[in-house]
$ cat protein_34.cif   # mmCIF, C-alpha atoms
data_input
#
loop_
_atom_site.label_atom_id
_atom_site.label_comp_id
_atom_site.auth_asym_id
_atom_site.auth_seq_id
_atom_site.Cartn_x
_atom_site.Cartn_y
_atom_site.Cartn_z
CA MET J 118 16.82 -14.23 -6.01
CA SER J 119 13.08 -13.66 -5.40
CA THR J 120 13.13 -16.40 -2.76
CA ASP J 121 15.91 -14.58 -0.93
CA LEU J 122 13.95 -11.32 -1.09
CA LYS J 123 10.83 -12.97 0.30
CA GLU J 124 12.95 -14.35 3.12
CA LEU J 125 14.38 -10.89 3.78
CA LEU J 126 10.84 -9.49 3.94
CA ASP J 127 9.92 -12.21 6.43
CA GLN J 128 12.92 -11.30 8.57
CA PHE J 129 11.75 -7.69 8.67
CA LEU J 130 8.14 -8.59 9.45
CA ASN J 131 9.15 -10.97 12.21
CA ARG J 132 11.38 -8.30 13.76
CA TRP J 133 8.94 -5.41 13.28
CA THR J 134 5.51 -6.88 13.84
CA VAL J 135 2.68 -4.39 14.11
CA SER J 136 2.73 -4.97 17.86
CA ASN J 137 6.43 -4.09 18.01
CA VAL J 138 5.84 -0.94 15.97
CA GLN J 139 2.99 0.06 18.27
CA LYS J 140 5.28 -0.24 21.31
CA MET J 141 8.26 1.40 19.58
CA LYS J 142 10.11 4.19 21.43
CA LEU J 143 12.12 7.00 19.88
CA ASP J 144 15.48 5.30 20.46
CA GLN J 145 14.11 2.14 18.80
CA TYR J 146 12.86 4.17 15.86
CA VAL J 147 16.08 5.96 14.98
CA GLY J 148 19.57 6.17 16.45
CA VAL J 149 23.29 6.35 15.76
CA LYS J 150 25.29 3.17 15.11
CA ASP J 151 22.33 0.97 16.01
CA LYS J 152 21.57 -1.48 13.19
CA ASP J 153 18.37 -2.73 14.81
CA THR J 154 16.34 0.48 14.75
CA PHE J 155 13.19 0.64 12.64
CA CYS J 156 14.75 3.21 10.31
CA GLN J 157 17.92 1.14 9.85
CA TRP J 158 15.78 -1.80 8.80
CA ILE J 159 13.77 0.38 6.42
CA GLU J 160 16.71 2.09 4.74
CA THR J 161 19.69 -0.26 4.99
CA ARG J 162 18.82 -3.80 6.04
CA THR J 163 15.95 -4.08 3.53
CA ARG J 164 17.64 -2.10 0.77
CA LEU J 165 17.17 -4.96 -1.68
CA LEU J 166 13.44 -4.55 -1.21
CA GLY J 167 13.70 -1.11 -2.77
CA SER J 168 16.27 1.60 -2.16
CA ILE J 169 15.39 4.90 -0.47
CA LYS J 170 18.96 6.18 -0.23
CA GLY J 171 19.86 9.52 -1.71
CA MET J 172 18.89 12.16 0.84
CA THR J 173 19.55 12.99 4.50
CA SER J 174 18.06 11.26 7.53
CA ILE J 175 15.38 13.96 7.76
CA LYS J 176 13.36 11.65 5.46
CA PHE J 177 12.46 9.75 8.64
CA GLY J 178 10.81 12.90 10.05
CA ILE J 179 13.16 12.93 13.03
CA TYR J 180 16.72 11.69 13.47
CA LYS J 181 19.53 11.60 16.03
CA ARG J 182 22.57 13.63 14.97
CA LYS J 183 25.95 11.91 14.76
CA ASN J 184 27.52 15.16 15.88
CA PRO J 185 25.17 16.77 18.45
CA SER J 186 26.78 20.19 17.98
CA LYS J 187 25.91 20.36 14.26
CA LYS J 188 22.33 21.60 14.19
CA PRO J 189 20.77 22.05 10.73
CA LYS J 190 19.24 25.50 10.31
CA LYS J 191 16.11 24.48 8.41
CA PHE J 192 14.79 22.13 11.10
CA PHE J 193 13.90 22.11 14.76
CA ASN J 194 16.69 20.88 17.03
CA ASP J 195 17.37 19.98 20.62
CA SER J 196 20.55 18.67 22.22
CA GLU J 197 20.44 15.36 20.30
CA TYR J 198 17.69 15.25 17.67
CA SER J 199 16.55 17.20 14.62
CA TRP J 200 13.09 17.02 13.09
CA SER J 201 10.82 18.59 10.48
CA SER J 202 8.99 21.68 11.67
CA ASN J 203 5.62 20.30 10.54
CA HIS J 204 5.87 17.51 13.11
CA GLY J 205 5.95 19.60 16.28
CA THR J 206 8.00 21.94 18.43
CA ASN J 207 9.70 19.32 20.60
CA ARG J 208 11.06 15.81 20.08
CA LYS J 209 8.27 14.11 22.05
CA ALA J 210 5.51 15.75 20.04
CA ALA J 211 7.38 15.17 16.78
CA PHE J 212 7.89 11.46 17.38
CA LYS J 213 4.31 10.97 18.56
CA LYS J 214 3.00 12.43 15.29
CA ILE J 215 5.46 10.44 13.16
CA HIS J 216 4.70 7.26 15.11
CA ASN J 217 0.96 7.65 14.55
CA GLU J 218 1.49 8.31 10.85
CA ILE J 219 3.58 5.16 10.47
CA LEU J 220 0.85 3.11 12.12
CA GLU J 221 -1.66 4.64 9.71
CA VAL J 222 0.52 3.69 6.74
CA ILE J 223 0.72 0.12 8.02
CA ARG J 224 -3.03 -0.10 8.61
CA PHE J 225 -3.92 1.22 5.16
CA SER J 226 -1.31 -1.03 3.53
CA GLU J 227 -2.67 -4.17 5.15
CA ARG J 228 -6.18 -3.28 3.99
CA GLY J 229 -5.08 -2.34 0.48
CA GLU J 230 -6.36 1.24 0.92
CA PHE J 231 -3.32 2.72 -0.75
CA ASP J 232 -5.00 5.95 -1.88
CA LYS J 233 -5.25 7.02 1.78
CA ILE J 234 -1.47 6.84 2.13
CA ASP J 235 -1.08 9.73 -0.32
CA GLU J 236 -2.55 12.10 2.30
CA ILE J 237 -0.22 11.08 5.14
CA ASP J 238 2.35 13.75 5.98
CA LEU J 239 5.48 11.55 6.01
CA LEU J 240 8.01 11.99 3.21
CA SER J 241 6.89 10.07 0.12
CA LEU J 242 10.08 8.04 -0.33
CA PHE J 243 9.96 6.77 3.25
CA LYS J 244 6.24 6.16 3.69
CA TRP J 245 5.92 4.15 0.47
CA LYS J 246 8.82 1.92 1.50
CA VAL J 247 7.02 1.27 4.77
CA ALA J 248 3.80 0.71 2.81
CA PHE J 249 5.41 -1.92 0.61
CA LEU J 250 6.85 -3.85 3.54
CA TYR J 251 3.40 -4.23 5.09
CA SER J 252 1.39 -4.56 1.85
CA ASN J 253 1.70 -8.33 1.39
CA GLU J 254 3.80 -7.60 -1.74
CA ARG J 255 0.84 -5.84 -3.34
CA LEU J 256 2.93 -2.80 -4.30
CA ILE J 257 5.89 -2.59 -6.68
CA PRO J 258 9.02 -1.72 -4.61
CA ILE J 259 10.02 1.39 -6.54
CA TYR J 260 9.83 4.66 -4.60
CA LYS J 261 11.74 7.38 -6.47
CA HIS J 262 9.27 9.85 -7.93
CA ASP J 263 11.08 10.58 -11.18
CA VAL J 264 11.33 6.87 -11.97
CA LEU J 265 7.66 6.32 -11.15
CA ILE J 266 6.66 9.18 -13.44
CA ARG J 267 8.59 7.68 -16.37
CA ILE J 268 7.00 4.29 -15.75
CA ALA J 269 3.52 5.82 -15.58
CA GLN J 270 4.06 7.70 -18.82
CA HIS J 271 5.21 4.48 -20.47
CA PHE J 272 1.89 2.87 -19.52
CA GLY J 273 -0.08 5.78 -20.95
CA LEU J 274 -0.70 7.98 -17.90
CA ALA J 275 0.14 11.68 -18.31
CA ALA J 276 1.86 11.70 -14.91
CA THR J 277 3.46 14.74 -13.29
CA LYS J 278 5.01 15.45 -9.90
CA LYS J 279 1.47 16.04 -8.60
CA THR J 280 0.19 12.60 -9.66
CA PRO J 281 -0.64 10.53 -6.55
CA ILE J 282 1.79 7.66 -5.99
CA SER J 283 -1.12 5.32 -5.30
CA GLN J 284 -2.43 5.97 -8.81
CA ILE J 285 0.94 5.06 -10.33
CA GLN J 286 1.21 1.97 -8.13
CA ASN J 287 -2.26 0.81 -9.21
CA LEU J 288 -1.23 1.32 -12.82
CA MET J 289 1.92 -0.78 -12.37
CA ILE J 290 -0.02 -3.49 -10.57
CA SER J 291 -2.61 -3.68 -13.35
CA ASN J 292 0.20 -4.16 -15.88
CA LYS J 293 2.21 -6.75 -13.93
CA PRO J 294 2.37 -10.00 -15.94
CA ALA J 295 1.03 -12.97 -13.97
CA LYS J 296 4.25 -14.88 -14.67
CA LEU J 297 6.37 -12.30 -12.80
CA ASP J 298 6.39 -11.64 -9.07
CA VAL J 299 6.70 -8.07 -7.80
CA TYR J 300 10.50 -8.31 -7.53
CA GLU J 301 10.98 -9.61 -11.06
CA PHE J 302 8.64 -6.93 -12.38
CA MET J 303 10.44 -4.26 -10.34
CA ARG J 304 13.82 -5.26 -11.80
CA LYS J 305 12.36 -5.25 -15.31
CA LEU J 306 10.92 -1.75 -14.83
CA TYR J 307 13.99 -0.35 -13.13
CA ASP J 308 16.30 -1.70 -15.83
CA GLN J 309 14.18 0.14 -18.38
CA PHE J 310 13.30 3.35 -16.52
CA GLY J 311 15.63 3.57 -13.51
CA GLN J 312 18.01 6.05 -15.11
CA LYS J 313 16.71 8.52 -17.63
CA ASN J 314 19.74 8.47 -19.94
CA SER J 315 21.02 4.96 -19.33
CA LYS J 316 19.97 1.63 -20.77
CA LYS J 317 21.17 -0.22 -17.66
CA SER J 318 20.52 1.05 -14.17
CA ALA J 319 22.80 0.82 -11.20
CA TYR J 320 19.82 -0.52 -9.28
CA SER J 321 19.72 -3.76 -11.24
CA GLY J 322 23.43 -4.14 -10.69
CA ASN J 323 22.89 -3.99 -6.96
CA PHE J 324 20.69 -7.02 -7.22
CA ARG J 325 23.15 -9.08 -9.21
CA LYS J 326 26.00 -8.25 -6.83
CA ALA J 327 24.01 -8.88 -3.67
CA LYS J 328 25.07 -11.68 -1.40
CA ARG J 329 22.53 -14.39 -0.82
CA ILE J 330 20.85 -14.43 2.56
CA LYS J 331 22.58 -17.13 4.56
CA ARG J 332 20.72 -20.31 5.40
CA LYS J 333 21.61 -23.11 7.75
CA ALA J 334 22.43 -26.29 5.86
CA THR J 335 23.71 -29.70 6.90
CA ALA J 336 26.92 -31.13 5.53
CA SER J 337 25.09 -34.14 4.12
CA ARG J 338 22.96 -32.19 1.71
CA ASN J 339 21.38 -35.14 -0.07
CA THR J 340 20.02 -36.79 3.07
CA LYS J 341 19.06 -33.97 5.41
CA PRO J 342 16.89 -30.94 4.68
CA GLN J 343 18.01 -27.35 4.79
CA VAL J 344 16.42 -25.16 7.43
CA ARG J 345 15.20 -21.70 6.56
CA THR J 346 16.43 -18.90 8.81
CA VAL J 347 12.83 -17.76 9.39
CA THR J 348 9.32 -19.08 8.99
CA ARG J 349 6.63 -17.18 7.12
CA SER J 350 5.92 -14.03 9.02
CA TYR J 351 3.35 -13.59 11.75
CA VAL J 352 1.80 -10.88 9.57
CA ALA J 353 1.20 -13.35 6.73
CA VAL J 354 -0.39 -15.89 9.08
CA GLN J 355 -2.67 -13.25 10.55
CA ARG J 356 -3.74 -12.08 7.10
CA HIS J 357 -4.80 -15.62 6.19
CA ASN J 358 -6.79 -15.90 9.42
CA LYS J 359 -8.50 -12.54 8.84
CA LEU J 360 -9.48 -13.55 5.30
CA GLN J 361 -10.81 -16.88 6.52
CA GLU J 362 -12.90 -15.22 9.22
CA ALA J 363 -14.24 -12.59 6.80
CA LEU J 364 -15.27 -15.34 4.36
CA ARG J 365 -16.90 -17.36 7.15
CA LYS J 366 -19.07 -14.38 8.10
CA LEU J 367 -20.07 -13.80 4.46
CA LEU J 368 -21.09 -17.42 3.95
CA ILE J 369 -23.04 -17.60 7.21
CA ALA J 370 -24.87 -14.38 6.37
CA GLU J 371 -25.92 -15.79 2.99
CA HIS J 372 -26.42 -19.51 3.72
CA GLY J 373 -26.81 -19.88 7.49
CA LYS J 374 -24.45 -21.17 10.17
CA ASP J 375 -25.41 -24.83 9.78
CA SER J 376 -24.28 -24.88 6.13
CA VAL J 377 -20.72 -23.64 6.84
CA VAL J 378 -17.99 -25.98 8.08
CA VAL J 379 -14.60 -24.61 9.18
CA GLU J 380 -11.28 -26.51 9.14
CA GLU J 381 -12.64 -29.98 8.49
CA ASN J 382 -10.00 -32.33 7.06
CA TYR J 383 -7.67 -29.34 6.53
CA VAL J 384 -10.22 -27.55 4.33
CA ASP J 385 -10.32 -23.83 5.17
CA LEU J 386 -14.09 -23.64 4.69
CA LYS J 387 -16.76 -25.91 3.26
CA LEU J 388 -20.27 -24.94 2.22
CA VAL J 389 -22.67 -27.89 2.36
CA LYS J 390 -25.85 -27.48 0.30
CA PRO J 391 -28.56 -30.06 -0.52
CA ASN J 392 -27.42 -30.46 -4.13
CA HIS J 393 -23.71 -29.65 -4.01
CA ILE J 394 -20.64 -28.93 -1.86
CA VAL J 395 -18.27 -25.99 -2.25
CA PHE J 396 -14.67 -26.13 -0.98
CA TYR J 397 -13.03 -22.78 -0.23
CA GLU J 398 -9.25 -22.51 -0.06
CA VAL J 399 -7.98 -19.22 1.39
CA LYS J 400 -4.64 -17.80 0.26
CA SER J 401 -2.95 -14.64 1.49
CA CYS J 402 -0.97 -13.99 -1.71
CA ALA J 403 -1.13 -10.49 -3.15
CA PHE J 404 -2.32 -11.57 -6.60
CA ALA J 405 -5.12 -13.86 -7.73
CA SER J 406 -2.80 -15.78 -10.05
CA ASP J 407 -0.42 -16.55 -7.17
CA CYS J 408 -3.33 -17.68 -5.00
CA VAL J 409 -4.37 -20.08 -7.76
CA LYS J 410 -0.84 -21.42 -8.18
CA GLU J 411 -0.62 -22.22 -4.48
CA ALA J 412 -4.12 -23.63 -4.11
CA LEU J 413 -4.62 -25.94 -7.12
CA GLY J 414 -3.02 -29.03 -5.64
CA GLN J 415 -4.92 -28.63 -2.38
CA ILE J 416 -8.39 -28.20 -3.85
CA LEU J 417 -7.95 -31.31 -5.99
CA GLN J 418 -6.91 -33.25 -2.90
CA TYR J 419 -10.01 -32.05 -1.03
CA SER J 420 -12.34 -33.53 -3.64
CA LEU J 421 -10.35 -36.75 -3.75
CA ASN J 422 -10.56 -37.22 0.03
CA ASP J 423 -14.22 -36.25 0.43
CA THR J 424 -16.55 -39.26 0.12
CA ASP J 425 -19.78 -37.28 -0.27
CA VAL J 426 -21.42 -38.12 -3.60
CA ARG J 427 -22.83 -34.66 -4.21
CA PRO J 428 -21.23 -32.58 -7.00
CA LYS J 429 -18.27 -30.52 -5.76
CA LYS J 430 -17.17 -27.02 -6.61
CA HIS J 431 -13.92 -25.27 -5.68
CA VAL J 432 -13.34 -21.61 -4.92
CA ILE J 433 -9.95 -20.05 -4.30
CA VAL J 434 -10.16 -16.97 -2.10
CA GLY J 435 -7.75 -14.03 -1.90
CA GLN J 436 -7.78 -10.46 -0.69
CA TYR J 437 -7.69 -8.67 -4.03
CA PRO J 438 -9.79 -8.82 -7.21
CA ALA J 439 -8.13 -10.46 -10.18
CA THR J 440 -6.34 -8.07 -12.51
CA GLU J 441 -6.66 -8.44 -16.28
CA GLU J 442 -3.38 -10.40 -16.29
CA ASP J 443 -4.67 -12.62 -13.48
CA GLU J 444 -7.85 -13.32 -15.43
CA LYS J 445 -5.84 -14.42 -18.45
CA TYR J 446 -3.87 -16.85 -16.31
CA ILE J 447 -6.97 -18.25 -14.57
CA LYS J 448 -8.80 -18.81 -17.85
CA TYR J 449 -5.74 -20.52 -19.30
CA VAL J 450 -5.54 -22.92 -16.35
CA GLN J 451 -9.27 -23.63 -16.42
CA LYS J 452 -9.21 -24.38 -20.13
CA ASN J 453 -6.06 -26.48 -20.29
CA LEU J 454 -6.32 -28.39 -17.01
CA ARG J 455 -10.11 -28.62 -17.07
CA VAL J 456 -10.24 -27.91 -13.36
CA ASN J 457 -13.63 -26.77 -12.07
CA PHE J 458 -12.68 -23.83 -9.87
CA GLY J 459 -13.35 -20.14 -9.49
CA TYR J 460 -11.68 -17.22 -7.77
CA MET J 461 -13.21 -14.64 -5.44
CA ASN J 462 -11.81 -11.86 -3.29
CA VAL J 463 -12.77 -10.86 0.24
CA ASP J 464 -12.11 -7.41 1.65
CA LEU J 465 -10.41 -7.09 5.02
CA ASP J 466 -12.09 -4.84 7.60
#
$ encode --input "protein_34.cif" --output "structure tokens"
Amino acid sequence: MSTDLKELLDQFLNRWTVSNVQKMKLDQYVGVKDKDTFCQWIETRTRLLGSIKGMTSIKFGIYKRKNPSKKPKKFFNDSEYSWSSNHGTNRKAAFKKIHNEILEVIRFSERGEFDKIDEIDLLSLFKWKVAFLYSNERLIPIYKHDVLIRIAQHFGLAATKKTPISQIQNLMISNKPAKLDVYEFMRKLYDQFGQKNSKKSAYSGNFRKAKRIKRKATASRNTKPQVRTVTRSYVAVQRHNKLQEALRKLLIAEHGKDSVVVEENYVDLKLVKPNHIVFYEVKSCAFASDCVKEALGQILQYSLNDTDVRPKKHVIVGQYPATEEDEKYIKYVQKNLRVNFGYMNVDLD
């Protein structure tokens, strides 16, 4: 199921690249009976990546009314749209403010600056769903405040309605077992805390009943490969490139340009010193343990293929520092496989 969810995330990110969001117009943001709007993707088409159902469309900040004559009293209205009063006095001003706030959420999510999202004026349920979708799976896709409070209290935080969501997310992340991805951990948490007086949540049932995302497959399954409906998202590729460039600048600043080699024999970066060589493999995974899982085979191949006789070191590079659970996993691999490697993180500007 996690594979299907990753594929669904890729579908969203390929449809709603940052460039597409930047160019987005009001009728592309929200509409009536249009399944391709940004808000339809956020609420309905990516529901399996965390549900935000349960309140009216005002959660998007502005929405187009199904019945134009029914104007809600608590909000600003024109002939077609309704919006929150704190976003402006007309639809153009309201959407401009909401649009800018969404772009801020995306920017902070990509950088991992989640605490800054707490201050953005969008409704919490909506903005944290957007944040997850652009976070490189660094957040846990649970958005309902009462559920988050129960989870936080379980992990020892005296959380209230005033507790910042970023603080609860950081707490969940620090307690995520390395063996579970964010979707497996989300299901585990929601089964336990999703409904206050129920041992089994309806949320987990939604996952078990969900149809698999369709893939193209040949009739002769044993002889021809299946083709995924999408490739890894443009966002993921760009994150890898940004990490690689940030690392290159760090190494050049410390060791000089002549010591740093980029993309030689498929190696992301290589540091050549008089007494040793260091191979750097960059991974865009959200967690250090996942970066290590993806990189191990490659770094061993690099040493095997390199004919230089100098001692070789290996460093796996990701965006985020290793959590306590990540550290346990890394030490276990180092001890039992006797692989000489380390892990480091590089911040994105």
$ residues_near_point --input "protein_34.cif" --point "(11.1, -6.7, 12.8)" --cutoff "12 Å" --atoms "only C-alpha atoms" --output "tab-separated table (two decimals) with C-alpha atoms, in the coordinates of the input"
chain	number	residue	atom	x	y	z
J	125	LEU	CA	14.38	-10.89	3.78
J	126	LEU	CA	10.84	-9.49	3.94
J	127	ASP	CA	9.92	-12.21	6.43
J	128	GLN	CA	12.92	-11.30	8.57
J	129	PHE	CA	11.75	-7.69	8.67
J	130	LEU	CA	8.14	-8.59	9.45
J	131	ASN	CA	9.15	-10.97	12.21
J	132	ARG	CA	11.38	-8.30	13.76
J	133	TRP	CA	8.94	-5.41	13.28
J	134	THR	CA	5.51	-6.88	13.84
J	135	VAL	CA	2.68	-4.39	14.11
J	136	SER	CA	2.73	-4.97	17.86
J	137	ASN	CA	6.43	-4.09	18.01
J	138	VAL	CA	5.84	-0.94	15.97
J	139	GLN	CA	2.99	0.06	18.27
J	141	MET	CA	8.26	1.40	19.58
J	145	GLN	CA	14.11	2.14	18.80
J	146	TYR	CA	12.86	4.17	15.86
J	152	LYS	CA	21.57	-1.48	13.19
J	153	ASP	CA	18.37	-2.73	14.81
J	154	THR	CA	16.34	0.48	14.75
J	155	PHE	CA	13.19	0.64	12.64
J	156	CYS	CA	14.75	3.21	10.31
J	157	GLN	CA	17.92	1.14	9.85
J	158	TRP	CA	15.78	-1.80	8.80
J	159	ILE	CA	13.77	0.38	6.42
J	162	ARG	CA	18.82	-3.80	6.04
J	163	THR	CA	15.95	-4.08	3.53
J	250	LEU	CA	6.85	-3.85	3.54
J	251	TYR	CA	3.40	-4.23	5.09
J	347	VAL	CA	12.83	-17.76	9.39
J	350	SER	CA	5.92	-14.03	9.02
J	351	TYR	CA	3.35	-13.59	11.75
J	352	VAL	CA	1.80	-10.88	9.57
$ residues_around --input "protein_34.cif" --residues "segment 437-446 of chain J" --least-positions-apart "4" --cutoff "6 Å" --atoms "all atoms listed in the file" --output "list in words"
Ser291, Pro294, Ala295, Ala405, Ser406 and Asn462 of chain J
$ resolve_selection --input "protein_34.cif" --expression "the PyMOL selection byres ((chain J and resi 185) around 9)" --output "CSV table (one decimal) with C-alpha atoms, in the coordinates of the input"
chain,number,residue,atom,x,y,z
J,181,LYS,CA,19.5,11.6,16.0
J,182,ARG,CA,22.6,13.6,15.0
J,183,LYS,CA,26.0,11.9,14.8
J,184,ASN,CA,27.5,15.2,15.9
J,186,SER,CA,26.8,20.2,18.0
J,187,LYS,CA,25.9,20.4,14.3
J,188,LYS,CA,22.3,21.6,14.2
J,195,ASP,CA,17.4,20.0,20.6
J,196,SER,CA,20.6,18.7,22.2
J,197,GLU,CA,20.4,15.4,20.3
J,198,TYR,CA,17.7,15.2,17.7
$ closest_residue --input "protein_34.cif" --among "J:Tyr419, J:Trp200, J:Phe249, J:Tyr300" --to "Val222 of chain J" --atoms "all atoms listed in the file"
J:Phe249
$ resolve_selection --input "protein_34.cif" --expression "the PyMOL selection byres ((chain J and resi 399) around 7)" --output "VMD selection string"
chain J and resid 357 361 385 397 to 398 400 to 401 433 to 435
$ residues_around --input "protein_34.cif" --residues "Gly273 of chain J" --least-positions-apart "2" --cutoff "12 Å" --atoms "only C-alpha atoms" --output "NGL selection string"
:J and (266-271 or 275-276 or 285 or 288-289 or 292)
$ closest_residue --input "protein_34.cif" --among "J:Val395, J:Val426, J:Leu421, J:Ala363" --to "Gly459 of chain J" --atoms "all atoms listed in the file"
J:Val395
$ resolve_selection --input "protein_34.cif" --expression "the PyMOL selection byres ((chain J and resi 377) around 7)" --output "mmCIF file with C-alpha atoms, keeping the file's coordinate frame"
data_model
loop_
_atom_site.group_PDB
_atom_site.id
_atom_site.type_symbol
_atom_site.label_atom_id
_atom_site.label_comp_id
_atom_site.auth_asym_id
_atom_site.auth_seq_id
_atom_site.Cartn_x
_atom_site.Cartn_y
_atom_site.Cartn_z
ATOM 1 C CA LEU J 368 -21.090 -17.420 3.950
ATOM 2 C CA ILE J 369 -23.040 -17.600 7.210
ATOM 3 C CA LYS J 374 -24.450 -21.170 10.170
ATOM 4 C CA ASP J 375 -25.410 -24.830 9.780
ATOM 5 C CA SER J 376 -24.280 -24.880 6.130
ATOM 6 C CA VAL J 378 -17.990 -25.980 8.080
ATOM 7 C CA VAL J 379 -14.600 -24.610 9.180
ATOM 8 C CA LEU J 386 -14.090 -23.640 4.690
ATOM 9 C CA LYS J 387 -16.760 -25.910 3.260
ATOM 10 C CA LEU J 388 -20.270 -24.940 2.220
ATOM 11 C CA VAL J 389 -22.670 -27.890 2.360
#
$ residues_around --input "protein_34.cif" --residues "Phe243 of chain J" --least-positions-apart "3" --cutoff "7 Å" --atoms "only C-alpha atoms" --output "mmCIF file with C-alpha atoms, in the coordinates of the input"
data_model
loop_
_atom_site.group_PDB
_atom_site.id
_atom_site.type_symbol
_atom_site.label_atom_id
_atom_site.label_comp_id
_atom_site.auth_asym_id
_atom_site.auth_seq_id
_atom_site.Cartn_x
_atom_site.Cartn_y
_atom_site.Cartn_z
ATOM 1 C CA ILE J 169 15.390 4.900 -0.470
ATOM 2 C CA LYS J 176 13.360 11.650 5.460
ATOM 3 C CA PHE J 177 12.460 9.750 8.640
ATOM 4 C CA LEU J 240 8.010 11.990 3.210
ATOM 5 C CA LYS J 246 8.820 1.920 1.500
ATOM 6 C CA VAL J 247 7.020 1.270 4.770
#
$ axis_aligned_box --input "protein_34.cif" --around "segment 213-217 of chain J" --padding-each-side "5 Å" --output "JSON"
{"center_x": 3.2, "center_y": 9.8, "center_z": 15.9, "size_x": 14.5, "size_y": 15.2, "size_z": 15.4}
$ atom_distance --input "protein_34.cif" --atom1 "atom CA of Thr277 of chain J" --atom2 "atom CA of Ile234 of chain J"
18.0 Å
$ atom_distance --input "protein_34.cif" --atom1 "atom CA of Glu218 of chain J" --atom2 "atom CA of Leu465 of chain J"
20.3 Å
$ atom_distance --input "protein_34.cif" --atom1 "atom CA of Arg255 of chain J" --atom2 "atom CA of Leu297 of chain J"
12.7 Å
$ closest_residue --input "protein_34.cif" --among "J:Asp425, J:Lys123, J:Ile259, J:Ala248" --to "Lys170 of chain J" --atoms "all atoms listed in the file"
J:Ile259
$ build_atoms --input "protein_34.cif" --residues "segment 425-440 of chain J" --atoms "N, CA and C atoms" --output "PDB file, in the coordinates of the input"
ATOM      1  N   ASP J 425     -18.404 -37.686   0.047  1.00  0.00           N
ATOM      2  CA  ASP J 425     -19.780 -37.280  -0.270  1.00  0.00           C
ATOM      3  C   ASP J 425     -20.008 -37.356  -1.772  1.00  0.00           C
ATOM      4  N   VAL J 426     -21.167 -37.886  -2.176  1.00  0.00           N
ATOM      5  CA  VAL J 426     -21.420 -38.120  -3.600  1.00  0.00           C
ATOM      6  C   VAL J 426     -21.957 -36.888  -4.314  1.00  0.00           C
ATOM      7  N   ARG J 427     -22.300 -35.858  -3.577  1.00  0.00           N
ATOM      8  CA  ARG J 427     -22.830 -34.660  -4.210  1.00  0.00           C
ATOM      9  C   ARG J 427     -21.756 -33.975  -5.079  1.00  0.00           C
ATOM     10  N   PRO J 428     -22.184 -33.316  -6.154  1.00  0.00           N
ATOM     11  CA  PRO J 428     -21.230 -32.580  -7.000  1.00  0.00           C
ATOM     12  C   PRO J 428     -20.434 -31.581  -6.162  1.00  0.00           C
ATOM     13  N   LYS J 429     -19.164 -31.383  -6.543  1.00  0.00           N
ATOM     14  CA  LYS J 429     -18.270 -30.520  -5.760  1.00  0.00           C
ATOM     15  C   LYS J 429     -17.755 -29.363  -6.606  1.00  0.00           C
ATOM     16  N   LYS J 430     -17.725 -28.207  -5.978  1.00  0.00           N
ATOM     17  CA  LYS J 430     -17.170 -27.020  -6.610  1.00  0.00           C
ATOM     18  C   LYS J 430     -15.985 -26.548  -5.763  1.00  0.00           C
ATOM     19  N   HIS J 431     -15.086 -25.778  -6.381  1.00  0.00           N
ATOM     20  CA  HIS J 431     -13.920 -25.270  -5.680  1.00  0.00           C
ATOM     21  C   HIS J 431     -13.804 -23.764  -5.894  1.00  0.00           C
ATOM     22  N   VAL J 432     -13.537 -23.060  -4.823  1.00  0.00           N
ATOM     23  CA  VAL J 432     -13.340 -21.610  -4.920  1.00  0.00           C
ATOM     24  C   VAL J 432     -12.060 -21.252  -4.190  1.00  0.00           C
ATOM     25  N   ILE J 433     -11.188 -20.555  -4.893  1.00  0.00           N
ATOM     26  CA  ILE J 433      -9.950 -20.050  -4.300  1.00  0.00           C
ATOM     27  C   ILE J 433     -10.188 -18.605  -3.895  1.00  0.00           C
ATOM     28  N   VAL J 434      -9.806 -18.277  -2.674  1.00  0.00           N
ATOM     29  CA  VAL J 434     -10.160 -16.970  -2.100  1.00  0.00           C
ATOM     30  C   VAL J 434      -8.895 -16.187  -1.772  1.00  0.00           C
ATOM     31  N   GLY J 435      -8.844 -14.935  -2.226  1.00  0.00           N
ATOM     32  CA  GLY J 435      -7.750 -14.030  -1.900  1.00  0.00           C
ATOM     33  C   GLY J 435      -8.275 -12.689  -1.453  1.00  0.00           C
ATOM     34  N   GLN J 436      -7.375 -11.777  -1.178  1.00  0.00           N
ATOM     35  CA  GLN J 436      -7.780 -10.460  -0.690  1.00  0.00           C
ATOM     36  C   GLN J 436      -8.157  -9.505  -1.816  1.00  0.00           C
ATOM     37  N   TYR J 437      -7.530  -9.666  -2.980  1.00  0.00           N
ATOM     38  CA  TYR J 437      -7.690  -8.670  -4.030  1.00  0.00           C
ATOM     39  C   TYR J 437      -8.418  -9.225  -5.247  1.00  0.00           C
ATOM     40  N   PRO J 438      -9.169  -8.375  -5.948  1.00  0.00           N
ATOM     41  CA  PRO J 438      -9.790  -8.820  -7.210  1.00  0.00           C
ATOM     42  C   PRO J 438      -8.720  -9.194  -8.221  1.00  0.00           C
ATOM     43  N   ALA J 439      -9.066 -10.061  -9.133  1.00  0.00           N
ATOM     44  CA  ALA J 439      -8.130 -10.460 -10.180  1.00  0.00           C
ATOM     45  C   ALA J 439      -7.901  -9.307 -11.146  1.00  0.00           C
ATOM     46  N   THR J 440      -6.649  -9.053 -11.477  1.00  0.00           N
ATOM     47  CA  THR J 440      -6.340  -8.070 -12.510  1.00  0.00           C
ATOM     48  C   THR J 440      -6.597  -8.708 -13.886  1.00  0.00           C
TER      49      THR J 440
END
